[in-house]
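J.: Can you read through this structure? Questions will come right after.
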Amino acid sequence: MTSILLTFGYSVLCLALGLLALRILSPRGYRELVEHSAIGIASAFLLGTALLGAILTGLGLSKMLTRATVLASLLLCAFGLPLALSLARRLLGSIQQELPKWADEPISIRFLAGLLVAVIAMHGIAAYVRPPVGDAEAFYMVYPKIIAATERLTAMPGLYAAFSSIGLPAELHFAALMLLADPHAAKLFVWPVCLSAAAMLAGIGIQVGLARKANLFALVMLFSSPTFTHYISDGKVDLFAAAFGLAAFYWALSPRLARGDAFVIALIGLFAGLATVAKLSYLVAFFPPLLVLVAWRLCAECDPMMAQREKISLAATRLMQVGLWAALAWTPHFVKNAVLFSAPLAPLWGGPQDKSWLQQVWFSAETTRWIVLTYPLALVFGRYPMQGGGLSFLLIAFLPLIFLLRPSQQVWRSRLALITCAGLLAIALWVALQPSIIAPRYLLASLLLLIPLIAKATEHAWNIAERWSLLRIALFVSLIAAFLIAIYPVLPAARLAIEFARGKNIDPCALAGPHCAPLSELNREAALGDRIFMATYNGYWLRPDLLQCRDSPDDDHAIQSSPTPFESLHDRGFRFVILDKTSHRRILSRLESSSPPSWLSVEQLFDSPHLAIWRLVPESPPRKPAFTCRQLDAPMWEVVALHR
Amino acid sequence: MKRPLWLVEAALALWMGFTFILFFLVNLSPDGPIASLLPEFVLKARSFVLPFFSAPASVDQP
């Protein structure tokens with residue numbers, strides 16, 4: 001319970017910092033921002049998250065990321081608390097005003113709205129209860145664990161050292177919350193970010209003229225999209241980019257943009273920068289459509305008396321301003337990579353040599369051709385490896401309803417048409433540049449722009465259909481079915497939360513992947529600073545000292561190329577070996593086909609169809625290991641070479 | 001506003017039902033608790049539709 005309150009307090013302080021920054025940036029813009037309390041809160045929270053992240057990055061790089069400095073940073077945020085409280089009061093007032101309007105809606109709509117609130121709450125519970133799974137077990141929750149344990153930001157030891165050059169939108173917050181509370185509190189922080197993304201989508205809906213019912217349908221579509229809901233509770237950070245991206249699109253639709261409002265341009269640029277640094281793939285399928293949208297609006301909605309050349313010149317100036325603000329949002333990332341890799345522009349330019357993850361090809365040419373041919377169905381129904389879920393099936397189910405809409409007379413000036421085109425442009429760019437990668441999360445903010453048009457069409461169909469007509473029933477049943485699909489994956493987490501609330505003892509590995517139990521057992525077996533050779537991606541469950549003392553890419557190369565891999569393991573100081581039988585078959589067969597020397601016995605600590613763990617026990621070895629792991633600069637552990 | 005023809009309504013309702021069934025089938029886990037409650041032909045239908053929306057990757061997990 002304490003950790004839930006802590007995450008809540010931490011989120012409120014992020015909001016406070018964001019409000020403070022916005023007020024300093026533009027007092028007039030701030031006054032207009034807080035008029036729409038939900039949007040104001042979401043925008044300020046997201047901005048505050050980024051600002052606090054930048055402060056924590058600075059502390060991490062200075063090796064001063066301790067509980068005391070995190071608390072001091074939060075104290076700084078507390079200066080904005082009066083602003084946050086005033087905005088919260090305003091939000092409560094808006095809710096009180098809004099609720100009676102819902103009473104006029106039919107019971108089916110009220111039922112759907114109630115169900116939506118329940119689904120959102122259940123995802124919050126899952127975000128807290130569910131252990132990290134998948135990529136979060138490999139990097140996104142492991143890196144914060146190491147940062148928190150070492151009280152500093154360095155490249156992540158082991159396999160993901162080069163990957164540490166990516167943007168870190170959430171990892172520093174996770175580390176701070178791990179320092180203050182526990183990993184559950186850290187994971188829960190994604191939930192307010194998800195709420196901000198939902199608020200921003202609803203805000204976009206309002207900007208493009210969606211009424212209450214259509215916005216409800218849009219949110220149902222959002223929360224029934226597995227590619228969105230999966231990342232609320234798995235421990236990954238994709239929703240940060242989505243929330244920043246949606247915020248950028250929201251501000252790009254502001255009526256004040258056409259007037260060249262500097263505050264709006266700053267927000268567009270900042271959120272665009274934050275989204276692209278949080279997810280580099282957004283440079284391909286988010287930034288260009290955003291710039292096109294901004295440029296189009298600037299040209300189409302400016303003074304009609306203005307000459308064409310003037311319009312273009314004005315749009316170019318504004319776009320440059322957006323770019324400069326975006327570059328400002330990238331600054332903490334530049335500093336981080338300059339300090340850690342002596343390459344501020346890494347991973348795009350310079351930095352670690354291993355950039356294979358930037359040029360990924362996931363499928364064969366034939367499969368890629370098929371994937372491209374099946375767009376947009378593949379975005380919804382696709383079950384490809386590494387896809388990470390698709391969009392809501394409602395997007396395809398309700399797609400034909402757009403033919404029931406009467407086209408707007410000024411369709412090209414309608415913002416609804418504009419954002420739909422921006423979404424389609426994003427898909428076209430992605431398919432053209434990364435056809436082999438089918439992963440909606442890589443361009444989620446842009447994909448979600450397709451929702452408002454379909455939500456509007458759904459509302460229109462709902463309104464024209466009679467109460468007990470086949471169409472109305474089909475719409476209602478589809479929406480309920482979407483909810484059932486959305487709820488099903490979080491039911492185990494809800495059950496676990498109920499058991500926990502009843503005071504039952506919960507297995508720490510409940511709902512976790514196959515690595516949890518064996519790695520937890522290994523924590524009990526291994527001494528402080530023991531070296532583990534990890535032929536697995538997922539190391540989250542290991543103790544931080546073991547994670548820091550793990551194998552480096554050099555170790556991997558030396559062992560894999562050695563004619564006597566067991567001797568090499570001993571020489572490099574390894575005491576344990578973890579072998580993932582599903583993902584690291586090559587090294588498994590390499591070790592299984594070699595025999596250990598007579599002076600080295602290999603004990604099997606654990607064996608399952610997924611995983612094997614071995615302990616290496618040298619008995620009067622001919623030589624001592626050349627490497628060991630020590631705490632030279634506590635609390636950090638380092639692998640050091642021994643002079644034999 | 002004019003209500004669509006009943007034929008259009010029926011076609012739309014069928015389409016919605018079809019998309020839901022398709023989504024259900026591709027997301028159905030053959031080892032999960034729901035699959036054990038379903039008749040055999042549902043799993044056969046799943047095996048039929050899945051290849052349209054899935055294929056093995058040519059790389060390891062990045």
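By order in the structure tokens, chains are A, B, ...; within a chain, residues start at 1; ligands start at 1, following the order shown.
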Name all residues at most 6 Å from range 163-175 of chain A (count only C-alpha atoms; drop same-chain ones fewer than 5 positions away) and give them as number ranges by chain.
T.: A: 144, 148, 155, 186, 277-278, 347
J.: I'd like to know which residues of chain B are helix (DSSP H, G or I) (by DSSP, run on the backbone); could you write them as a ChimeraX atom specification?
T.: /B:6-27,33-37,40-53
J.: Pick out the closest residue to Gly17 in chain B from this set: A:Val284, A:Arg615, A:Ile473, A:Pro344. Count only C-alpha atoms.
T.: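 When distances to Gly17 in chain B are compared using only C-alpha atoms, the smallest one comes from A:Ile473.
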J.: Once you count only C-alpha atoms, which residues of chain B turn out to be within 10 Å of chain A? Could you give them as a tab-separated table (two decimals) with all heavy atoms, in the first residue's frame?
T.:
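Heads up, here's the output in out-v7.tsv:
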chain	number	residue	atom	x	y	z
B	1	MET	N	-31.92	12.32	-39.69
B	1	MET	CA	-30.98	11.44	-40.36
B	1	MET	C	-31.67	10.14	-40.79
B	1	MET	O	-32.51	9.63	-40.04
B	1	MET	CB	-29.80	11.13	-39.45
B	1	MET	CG	-28.76	12.21	-39.47
B	1	MET	SD	-27.44	11.88	-38.32
B	1	MET	CE	-28.21	12.29	-36.76
B	2	LYS	N	-31.29	9.69	-41.93
B	2	LYS	CA	-31.97	8.52	-42.47
B	2	LYS	C	-31.35	7.22	-41.96
B	2	LYS	O	-30.13	7.08	-41.91
B	2	LYS	CB	-31.84	8.58	-44.00
B	2	LYS	CG	-32.98	7.90	-44.72
B	2	LYS	CD	-32.82	8.20	-46.20
B	2	LYS	CE	-33.49	7.15	-47.02
B	2	LYS	NZ	-33.23	7.32	-48.43
B	3	ARG	N	-32.19	6.30	-41.57
B	3	ARG	CA	-31.72	5.00	-41.09
B	3	ARG	C	-31.29	4.14	-42.28
B	3	ARG	O	-31.96	4.15	-43.31
B	3	ARG	CB	-32.87	4.34	-40.34
B	3	ARG	CG	-32.47	3.09	-39.61
B	3	ARG	CD	-33.68	2.40	-39.07
B	3	ARG	NE	-33.37	0.98	-38.98
B	3	ARG	CZ	-34.24	0.05	-38.69
B	3	ARG	NH1	-35.50	0.38	-38.51
B	3	ARG	NH2	-33.89	-1.20	-38.62
B	4	PRO	N	-30.16	3.41	-42.18
B	4	PRO	CA	-29.75	2.59	-43.32
B	4	PRO	C	-30.73	1.43	-43.57
B	4	PRO	O	-31.47	1.02	-42.68
B	4	PRO	CB	-28.39	2.05	-42.91
B	4	PRO	CG	-28.31	2.23	-41.46
B	4	PRO	CD	-29.22	3.32	-41.08
B	6	TRP	N	-32.31	-2.23	-44.04
B	6	TRP	CA	-32.11	-3.39	-43.16
B	6	TRP	C	-31.04	-4.32	-43.70
B	6	TRP	O	-30.29	-4.94	-42.95
B	6	TRP	CB	-33.42	-4.13	-42.92
B	6	TRP	CG	-33.93	-4.87	-44.13
B	6	TRP	CD1	-34.80	-4.40	-45.06
B	6	TRP	CD2	-33.57	-6.19	-44.54
B	6	TRP	NE1	-35.00	-5.33	-46.03
B	6	TRP	CE2	-34.27	-6.46	-45.74
B	6	TRP	CE3	-32.74	-7.19	-44.02
B	6	TRP	CZ2	-34.16	-7.66	-46.42
B	6	TRP	CZ3	-32.63	-8.39	-44.71
B	6	TRP	CH2	-33.34	-8.62	-45.89
B	8	VAL	N	-28.37	-3.39	-45.34
B	8	VAL	CA	-27.07	-2.79	-44.98
B	8	VAL	C	-26.78	-3.08	-43.52
B	8	VAL	O	-25.66	-3.45	-43.14
B	8	VAL	CB	-27.10	-1.26	-45.25
B	8	VAL	CG1	-25.82	-0.59	-44.77
B	8	VAL	CG2	-27.34	-0.98	-46.72
B	9	GLU	N	-27.79	-2.92	-42.69
B	9	GLU	CA	-27.61	-3.19	-41.25
B	9	GLU	C	-27.18	-4.63	-41.03
B	9	GLU	O	-26.27	-4.91	-40.24
B	9	GLU	CB	-28.91	-2.94	-40.50
B	9	GLU	CG	-29.21	-1.47	-40.32
B	9	GLU	CD	-30.23	-1.23	-39.21
B	9	GLU	OE1	-30.53	-2.17	-38.46
B	9	GLU	OE2	-30.72	-0.11	-39.11
B	10	ALA	N	-27.84	-5.55	-41.74
B	10	ALA	CA	-27.52	-6.97	-41.57
B	10	ALA	C	-26.09	-7.25	-42.03
B	10	ALA	O	-25.34	-7.98	-41.35
B	10	ALA	CB	-28.51	-7.82	-42.35
B	11	ALA	N	-25.71	-6.64	-43.15
B	11	ALA	CA	-24.35	-6.85	-43.67
B	11	ALA	C	-23.32	-6.31	-42.67
B	11	ALA	O	-22.29	-6.97	-42.40
B	11	ALA	CB	-24.19	-6.16	-45.02
B	12	LEU	N	-23.59	-5.14	-42.10
B	12	LEU	CA	-22.66	-4.56	-41.13
B	12	LEU	C	-22.56	-5.44	-39.88
B	12	LEU	O	-21.47	-5.67	-39.35
B	12	LEU	CB	-23.11	-3.14	-40.74
B	12	LEU	CG	-22.90	-2.06	-41.81
B	12	LEU	CD1	-23.64	-0.78	-41.43
B	12	LEU	CD2	-21.41	-1.78	-42.00
B	13	ALA	N	-23.72	-5.92	-39.42
B	13	ALA	CA	-23.73	-6.78	-38.22
B	13	ALA	C	-22.93	-8.06	-38.49
B	13	ALA	O	-22.15	-8.50	-37.64
B	13	ALA	CB	-25.16	-7.10	-37.82
B	14	LEU	N	-23.09	-8.62	-39.69
B	14	LEU	CA	-22.35	-9.83	-40.04
B	14	LEU	C	-20.85	-9.57	-40.06
B	14	LEU	O	-20.05	-10.37	-39.57
B	14	LEU	CB	-22.79	-10.33	-41.42
B	14	LEU	CG	-23.97	-11.29	-41.44
B	14	LEU	CD1	-24.35	-11.61	-42.88
B	14	LEU	CD2	-23.63	-12.58	-40.70
B	15	TRP	N	-20.48	-8.45	-40.63
B	15	TRP	CA	-19.06	-8.07	-40.71
B	15	TRP	C	-18.46	-7.92	-39.30
B	15	TRP	O	-17.37	-8.41	-39.03
B	15	TRP	CB	-18.93	-6.77	-41.51
B	15	TRP	CG	-17.54	-6.20	-41.48
B	15	TRP	CD1	-17.13	-5.08	-40.83
B	15	TRP	CD2	-16.35	-6.73	-42.10
B	15	TRP	NE1	-15.79	-4.88	-41.01
B	15	TRP	CE2	-15.28	-5.88	-41.78
B	15	TRP	CE3	-16.11	-7.85	-42.90
B	15	TRP	CZ2	-13.99	-6.10	-42.22
B	15	TRP	CZ3	-14.80	-8.07	-43.33
B	15	TRP	CH2	-13.78	-7.21	-43.01
B	16	MET	N	-19.23	-7.28	-38.42
B	16	MET	CA	-18.74	-7.10	-37.04
B	16	MET	C	-18.55	-8.46	-36.37
B	16	MET	O	-17.55	-8.70	-35.69
B	16	MET	CB	-19.71	-6.24	-36.23
B	16	MET	CG	-19.70	-4.78	-36.63
B	16	MET	SD	-20.99	-3.89	-35.78
B	16	MET	CE	-21.29	-2.56	-36.94
B	17	GLY	N	-19.52	-9.34	-36.57
B	17	GLY	CA	-19.42	-10.68	-35.99
B	17	GLY	C	-18.22	-11.43	-36.55
B	17	GLY	O	-17.46	-12.06	-35.81
B	18	PHE	N	-18.03	-11.30	-37.85
B	18	PHE	CA	-16.92	-11.98	-38.51
B	18	PHE	C	-15.57	-11.49	-37.96
B	18	PHE	O	-14.68	-12.29	-37.65
B	18	PHE	CB	-17.00	-11.75	-40.02
B	18	PHE	CG	-15.80	-12.21	-40.77
B	18	PHE	CD1	-15.53	-13.57	-40.92
B	18	PHE	CD2	-14.90	-11.30	-41.32
B	18	PHE	CE1	-14.40	-14.01	-41.60
B	18	PHE	CE2	-13.77	-11.72	-41.99
B	18	PHE	CZ	-13.52	-13.08	-42.13
B	19	THR	N	-15.43	-10.17	-37.83
B	19	THR	CA	-14.14	-9.63	-37.34
B	19	THR	C	-13.88	-10.08	-35.91
B	19	THR	O	-12.74	-10.38	-35.55
B	19	THR	CB	-14.09	-8.09	-37.42
B	19	THR	OG1	-15.24	-7.57	-36.78
B	19	THR	CG2	-14.01	-7.60	-38.83
B	20	PHE	N	-14.95	-10.12	-35.10
B	20	PHE	CA	-14.75	-10.57	-33.71
B	20	PHE	C	-14.28	-12.02	-33.68
B	20	PHE	O	-13.33	-12.36	-32.97
B	20	PHE	CB	-16.03	-10.41	-32.89
B	20	PHE	CG	-15.92	-11.09	-31.55
B	20	PHE	CD1	-15.04	-10.61	-30.59
B	20	PHE	CD2	-16.65	-12.23	-31.26
B	20	PHE	CE1	-14.89	-11.26	-29.37
B	20	PHE	CE2	-16.50	-12.88	-30.05
B	20	PHE	CZ	-15.62	-12.39	-29.10
B	21	ILE	N	-14.95	-12.86	-34.48
B	21	ILE	CA	-14.57	-14.29	-34.49
B	21	ILE	C	-13.13	-14.45	-34.96
B	21	ILE	O	-12.34	-15.20	-34.38
B	21	ILE	CB	-15.56	-15.10	-35.36
B	21	ILE	CG1	-16.92	-15.15	-34.67
B	21	ILE	CG2	-15.05	-16.51	-35.63
B	21	ILE	CD1	-18.06	-15.63	-35.53
B	22	LEU	N	-12.77	-13.69	-35.99
B	22	LEU	CA	-11.41	-13.76	-36.50
B	22	LEU	C	-10.40	-13.34	-35.43
B	22	LEU	O	-9.37	-14.01	-35.21
B	22	LEU	CB	-11.30	-12.84	-37.73
B	22	LEU	CG	-10.08	-12.99	-38.61
B	22	LEU	CD1	-9.92	-14.42	-39.08
B	22	LEU	CD2	-10.18	-12.06	-39.81
B	23	PHE	N	-10.70	-12.25	-34.76
B	23	PHE	CA	-9.81	-11.74	-33.70
B	23	PHE	C	-9.70	-12.77	-32.57
B	23	PHE	O	-8.62	-13.02	-32.05
B	23	PHE	CB	-10.36	-10.42	-33.17
B	23	PHE	CG	-9.38	-9.67	-32.31
B	23	PHE	CD1	-8.38	-8.91	-32.87
B	23	PHE	CD2	-9.47	-9.72	-30.92
B	23	PHE	CE1	-7.48	-8.21	-32.07
B	23	PHE	CE2	-8.57	-9.04	-30.12
B	23	PHE	CZ	-7.58	-8.28	-30.71
B	24	PHE	N	-10.85	-13.36	-32.23
B	24	PHE	CA	-10.87	-14.37	-31.17
B	24	PHE	C	-10.01	-15.56	-31.55
B	24	PHE	O	-9.20	-16.04	-30.76
B	24	PHE	CB	-12.33	-14.79	-30.91
B	24	PHE	CG	-12.47	-15.90	-29.92
B	24	PHE	CD1	-12.31	-15.66	-28.56
B	24	PHE	CD2	-12.73	-17.20	-30.33
B	24	PHE	CE1	-12.42	-16.68	-27.64
B	24	PHE	CE2	-12.84	-18.23	-29.41
B	24	PHE	CZ	-12.69	-17.97	-28.06
B	25	LEU	N	-10.16	-16.01	-32.79
B	25	LEU	CA	-9.43	-17.21	-33.23
B	25	LEU	C	-7.93	-16.98	-33.25
B	25	LEU	O	-7.17	-17.82	-32.76
B	25	LEU	CB	-9.91	-17.64	-34.62
B	25	LEU	CG	-11.29	-18.28	-34.69
B	25	LEU	CD1	-11.66	-18.59	-36.14
B	25	LEU	CD2	-11.37	-19.55	-33.86
B	26	VAL	N	-7.50	-15.84	-33.80
B	26	VAL	CA	-6.04	-15.64	-33.90
B	26	VAL	C	-5.41	-15.43	-32.53
B	26	VAL	O	-4.23	-15.71	-32.33
B	26	VAL	CB	-5.64	-14.47	-34.85
B	26	VAL	CG1	-5.99	-14.78	-36.28
B	26	VAL	CG2	-6.21	-13.16	-34.41
B	27	ASN	N	-6.21	-14.94	-31.57
B	27	ASN	CA	-5.66	-14.71	-30.24
B	27	ASN	C	-5.89	-15.87	-29.28
B	27	ASN	O	-5.46	-15.81	-28.13
B	27	ASN	CB	-6.25	-13.43	-29.64
B	27	ASN	CG	-5.63	-12.21	-30.27
B	27	ASN	OD1	-4.48	-11.88	-30.00
B	27	ASN	ND2	-6.37	-11.56	-31.16
B	50	LEU	N	-4.77	-18.89	-38.71
B	50	LEU	CA	-3.53	-18.34	-38.15
B	50	LEU	C	-2.41	-18.12	-39.18
B	50	LEU	O	-1.74	-17.08	-39.14
B	50	LEU	CB	-3.04	-19.23	-36.99
B	50	LEU	CG	-2.13	-18.53	-35.98
B	50	LEU	CD1	-2.78	-17.31	-35.38
B	50	LEU	CD2	-1.70	-19.49	-34.89
B	51	PRO	N	-2.20	-19.05	-40.12
B	51	PRO	CA	-1.11	-18.81	-41.09
B	51	PRO	C	-1.28	-17.53	-41.92
B	51	PRO	O	-0.31	-17.01	-42.45
B	51	PRO	CB	-1.17	-20.04	-42.00
B	51	PRO	CG	-1.83	-21.08	-41.18
B	51	PRO	CD	-2.81	-20.37	-40.31
B	52	PHE	N	-2.51	-17.02	-42.00
B	52	PHE	CA	-2.70	-15.76	-42.74
B	52	PHE	C	-2.12	-14.57	-41.97
B	52	PHE	O	-1.85	-13.52	-42.54
B	52	PHE	CB	-4.20	-15.51	-42.98
B	52	PHE	CG	-4.82	-16.45	-43.97
B	52	PHE	CD1	-5.50	-17.57	-43.55
B	52	PHE	CD2	-4.68	-16.21	-45.33
B	52	PHE	CE1	-6.07	-18.44	-44.47
B	52	PHE	CE2	-5.24	-17.08	-46.25
B	52	PHE	CZ	-5.93	-18.20	-45.82
B	53	PHE	N	-2.00	-14.73	-40.66
B	53	PHE	CA	-1.58	-13.59	-39.83
B	53	PHE	C	-0.38	-13.91	-38.95
B	53	PHE	O	-0.13	-13.19	-37.98
B	53	PHE	CB	-2.75	-13.12	-38.96
B	53	PHE	CG	-3.93	-12.69	-39.77
B	53	PHE	CD1	-5.08	-13.47	-39.82
B	53	PHE	CD2	-3.89	-11.54	-40.53
B	53	PHE	CE1	-6.16	-13.10	-40.58
B	53	PHE	CE2	-4.97	-11.16	-41.30
B	53	PHE	CZ	-6.11	-11.94	-41.34
B	54	SER	N	0.34	-14.93	-39.27
B	54	SER	CA	1.52	-15.25	-38.48
B	54	SER	C	2.53	-16.01	-39.34
B	54	SER	O	2.14	-16.66	-40.30
B	54	SER	CB	1.13	-16.10	-37.27
B	54	SER	OG	2.24	-16.30	-36.46
B	55	ALA	N	3.79	-15.89	-38.97
B	55	ALA	CA	4.86	-16.60	-39.67
B	55	ALA	C	6.07	-16.61	-38.75
B	55	ALA	O	6.22	-15.71	-37.92
B	55	ALA	CB	5.21	-15.89	-40.98
B	56	PRO	N	6.92	-17.62	-38.87
B	56	PRO	CA	8.10	-17.61	-38.00
B	56	PRO	C	9.06	-16.49	-38.38
B	56	PRO	O	9.17	-16.12	-39.55
B	56	PRO	CB	8.73	-18.98	-38.24
B	56	PRO	CG	8.16	-19.47	-39.52
B	56	PRO	CD	6.84	-18.81	-39.72
B	57	ALA	N	9.72	-15.95	-37.38
B	57	ALA	CA	10.70	-14.87	-37.63
B	57	ALA	C	11.99	-15.48	-38.16
B	57	ALA	O	12.27	-16.64	-37.90
B	57	ALA	CB	10.96	-14.12	-36.35
B	58	SER	N	12.74	-14.66	-38.88
B	58	SER	CA	14.02	-15.16	-39.41
B	58	SER	C	15.19	-14.72	-38.54
B	58	SER	O	16.33	-14.92	-38.88
B	58	SER	CB	14.22	-14.70	-40.85
B	58	SER	OG	14.14	-13.30	-40.89
B	59	VAL	N	14.88	-14.06	-37.40
B	59	VAL	CA	15.95	-13.63	-36.49
B	59	VAL	C	15.58	-14.04	-35.08
B	59	VAL	O	14.43	-14.31	-34.79
B	59	VAL	CB	16.14	-12.09	-36.50
B	59	VAL	CG1	16.72	-11.63	-37.79
B	59	VAL	CG2	14.84	-11.37	-36.19
B	60	ASP	N	16.61	-14.07	-34.20
B	60	ASP	CA	16.35	-14.28	-32.78
B	60	ASP	C	15.77	-13.00	-32.21
B	60	ASP	O	15.82	-11.94	-32.82
B	60	ASP	CB	17.67	-14.58	-32.05
B	60	ASP	CG	18.02	-16.05	-32.17
B	60	ASP	OD1	17.15	-16.82	-32.60
B	60	ASP	OD2	19.16	-16.40	-31.84
B	61	GLN	N	15.26	-13.10	-30.99
B	61	GLN	CA	14.75	-11.91	-30.32
B	61	GLN	C	15.87	-10.89	-30.20
B	61	GLN	O	16.97	-11.24	-29.77
B	61	GLN	CB	14.26	-12.29	-28.93
B	61	GLN	CG	13.58	-11.17	-28.20
B	61	GLN	CD	13.26	-11.53	-26.77
B	61	GLN	OE1	13.44	-12.66	-26.35
B	61	GLN	NE2	12.81	-10.57	-26.02
B	62	PRO	N	15.63	-9.61	-30.62
B	62	PRO	CA	16.73	-8.64	-30.56
B	62	PRO	C	17.10	-8.30	-29.11
B	62	PRO	O	16.26	-8.37	-28.26
B	62	PRO	CB	16.18	-7.43	-31.28
B	62	PRO	CG	14.72	-7.58	-31.30
B	62	PRO	CD	14.41	-9.04	-31.14
J.: Write out as number ranges by chain which residues come within 12 Å of Leu433 in chain A when counting only C-alpha atoms, dropping same-chain ones fewer than 4 positions away.
T.: A: 281, 283-285, 359-361, 372, 426-429, 437-438
J.: Please provide the set of residues having any atom within 12 Å of Gly9 in chain A, restricted to only C-alpha atoms, with same-chain residues fewer than 5 positions apart removed, written as a short mmCIF file (atom, residue, chain, number, x, y, z; two decimals) with N, CA and C atoms, in the first residue's frame.
T.:
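New file around-v4.cif:
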data_model
loop_
_atom_site.label_atom_id
_atom_site.label_comp_id
_atom_site.auth_asym_id
_atom_site.auth_seq_id
_atom_site.Cartn_x
_atom_site.Cartn_y
_atom_site.Cartn_z
N THR A 2 1.97 1.20 0.78
CA THR A 2 2.87 2.36 0.86
C THR A 2 3.41 2.69 -0.52
N SER A 3 3.75 1.63 -1.28
CA SER A 3 4.36 1.90 -2.58
C SER A 3 3.33 2.49 -3.55
N ILE A 4 2.03 2.12 -3.40
CA ILE A 4 1.00 2.71 -4.26
C ILE A 4 0.91 4.22 -3.96
N CYS A 14 5.45 15.11 -10.21
CA CYS A 14 5.78 15.30 -11.64
C CYS A 14 4.83 16.34 -12.23
N LEU A 15 3.55 16.20 -11.89
CA LEU A 15 2.56 17.16 -12.38
C LEU A 15 2.90 18.57 -11.89
N ALA A 16 3.26 18.65 -10.61
CA ALA A 16 3.57 19.96 -10.02
C ALA A 16 4.76 20.60 -10.75
N LEU A 71 14.86 12.43 -3.06
CA LEU A 71 13.90 13.15 -2.21
C LEU A 71 14.09 14.67 -2.34
N LEU A 74 12.49 15.79 -5.46
CA LEU A 74 11.03 15.82 -5.32
C LEU A 74 10.59 17.03 -4.50
N LEU A 75 11.45 17.41 -3.57
CA LEU A 75 11.15 18.60 -2.76
C LEU A 75 11.10 19.84 -3.66
N CYS A 77 10.21 19.82 -6.75
CA CYS A 77 8.94 19.73 -7.49
C CYS A 77 7.78 20.26 -6.64
N ALA A 78 7.93 20.11 -5.32
CA ALA A 78 6.82 20.46 -4.43
C ALA A 78 6.47 21.94 -4.50
N LEU A 81 3.24 22.40 -6.08
CA LEU A 81 2.06 21.73 -5.53
C LEU A 81 0.81 22.60 -5.47
N ALA A 84 -0.79 22.42 -8.71
CA ALA A 84 -1.39 21.10 -8.96
C ALA A 84 -2.70 20.95 -8.20
N LEU A 177 12.00 5.22 -8.13
CA LEU A 177 10.93 4.59 -7.36
C LEU A 177 11.40 3.29 -6.71
N LEU A 180 13.13 4.53 -3.62
CA LEU A 180 12.21 5.01 -2.59
C LEU A 180 11.30 3.90 -2.07
N ALA A 181 10.93 2.97 -2.97
CA ALA A 181 9.98 1.93 -2.56
C ALA A 181 10.43 0.57 -3.08
N ALA A 185 6.20 -0.35 -7.28
CA ALA A 185 5.92 1.09 -7.35
C ALA A 185 6.43 1.63 -8.69
N LEU A 188 4.13 0.61 -11.52
CA LEU A 188 2.84 1.29 -11.46
C LEU A 188 2.91 2.68 -12.11
N PHE A 189 4.12 3.24 -12.20
CA PHE A 189 4.26 4.59 -12.76
C PHE A 189 3.81 4.65 -14.22
N PRO A 192 -0.22 6.09 -14.67
CA PRO A 192 -0.57 7.50 -14.94
C PRO A 192 -0.15 7.96 -16.34
#
J.: Do you know which residues are at most 9 Å from Pro452 in chain A counting only C-alpha atoms, after dropping those on the same chain fewer than 2 positions away, and could you put them as number ranges by chain?
T.: A: 201-202, 204-205, 208, 210, 214-215, 217-218, 416, 419-420, 448-450, 454-457
J.: Provide the CA of Gly114 in chain A to CA of Ile41 in chain A distance in Å, to one decimal place.
T.: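 Answer for the CA of Gly114 in chain A to CA of Ile41 in chain A separation: 22.2 Å.
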J.: I'd like the contact shell of Ser446 in chain A - 6 Å cut-off, only C-alpha atoms, skipping same-chain residues fewer than 3 positions apart - returned as an MDAnalysis selection string.
T.: chainID A and resid 286 423 443 449
J.: When you draw a straight line from CA of Arg309 in chain A to CA of Trp296 in chain A, how long is it in Å?
T.: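 Result for CA of Arg309 in chain A versus CA of Trp296 in chain A: 14.1 Å, one decimal.
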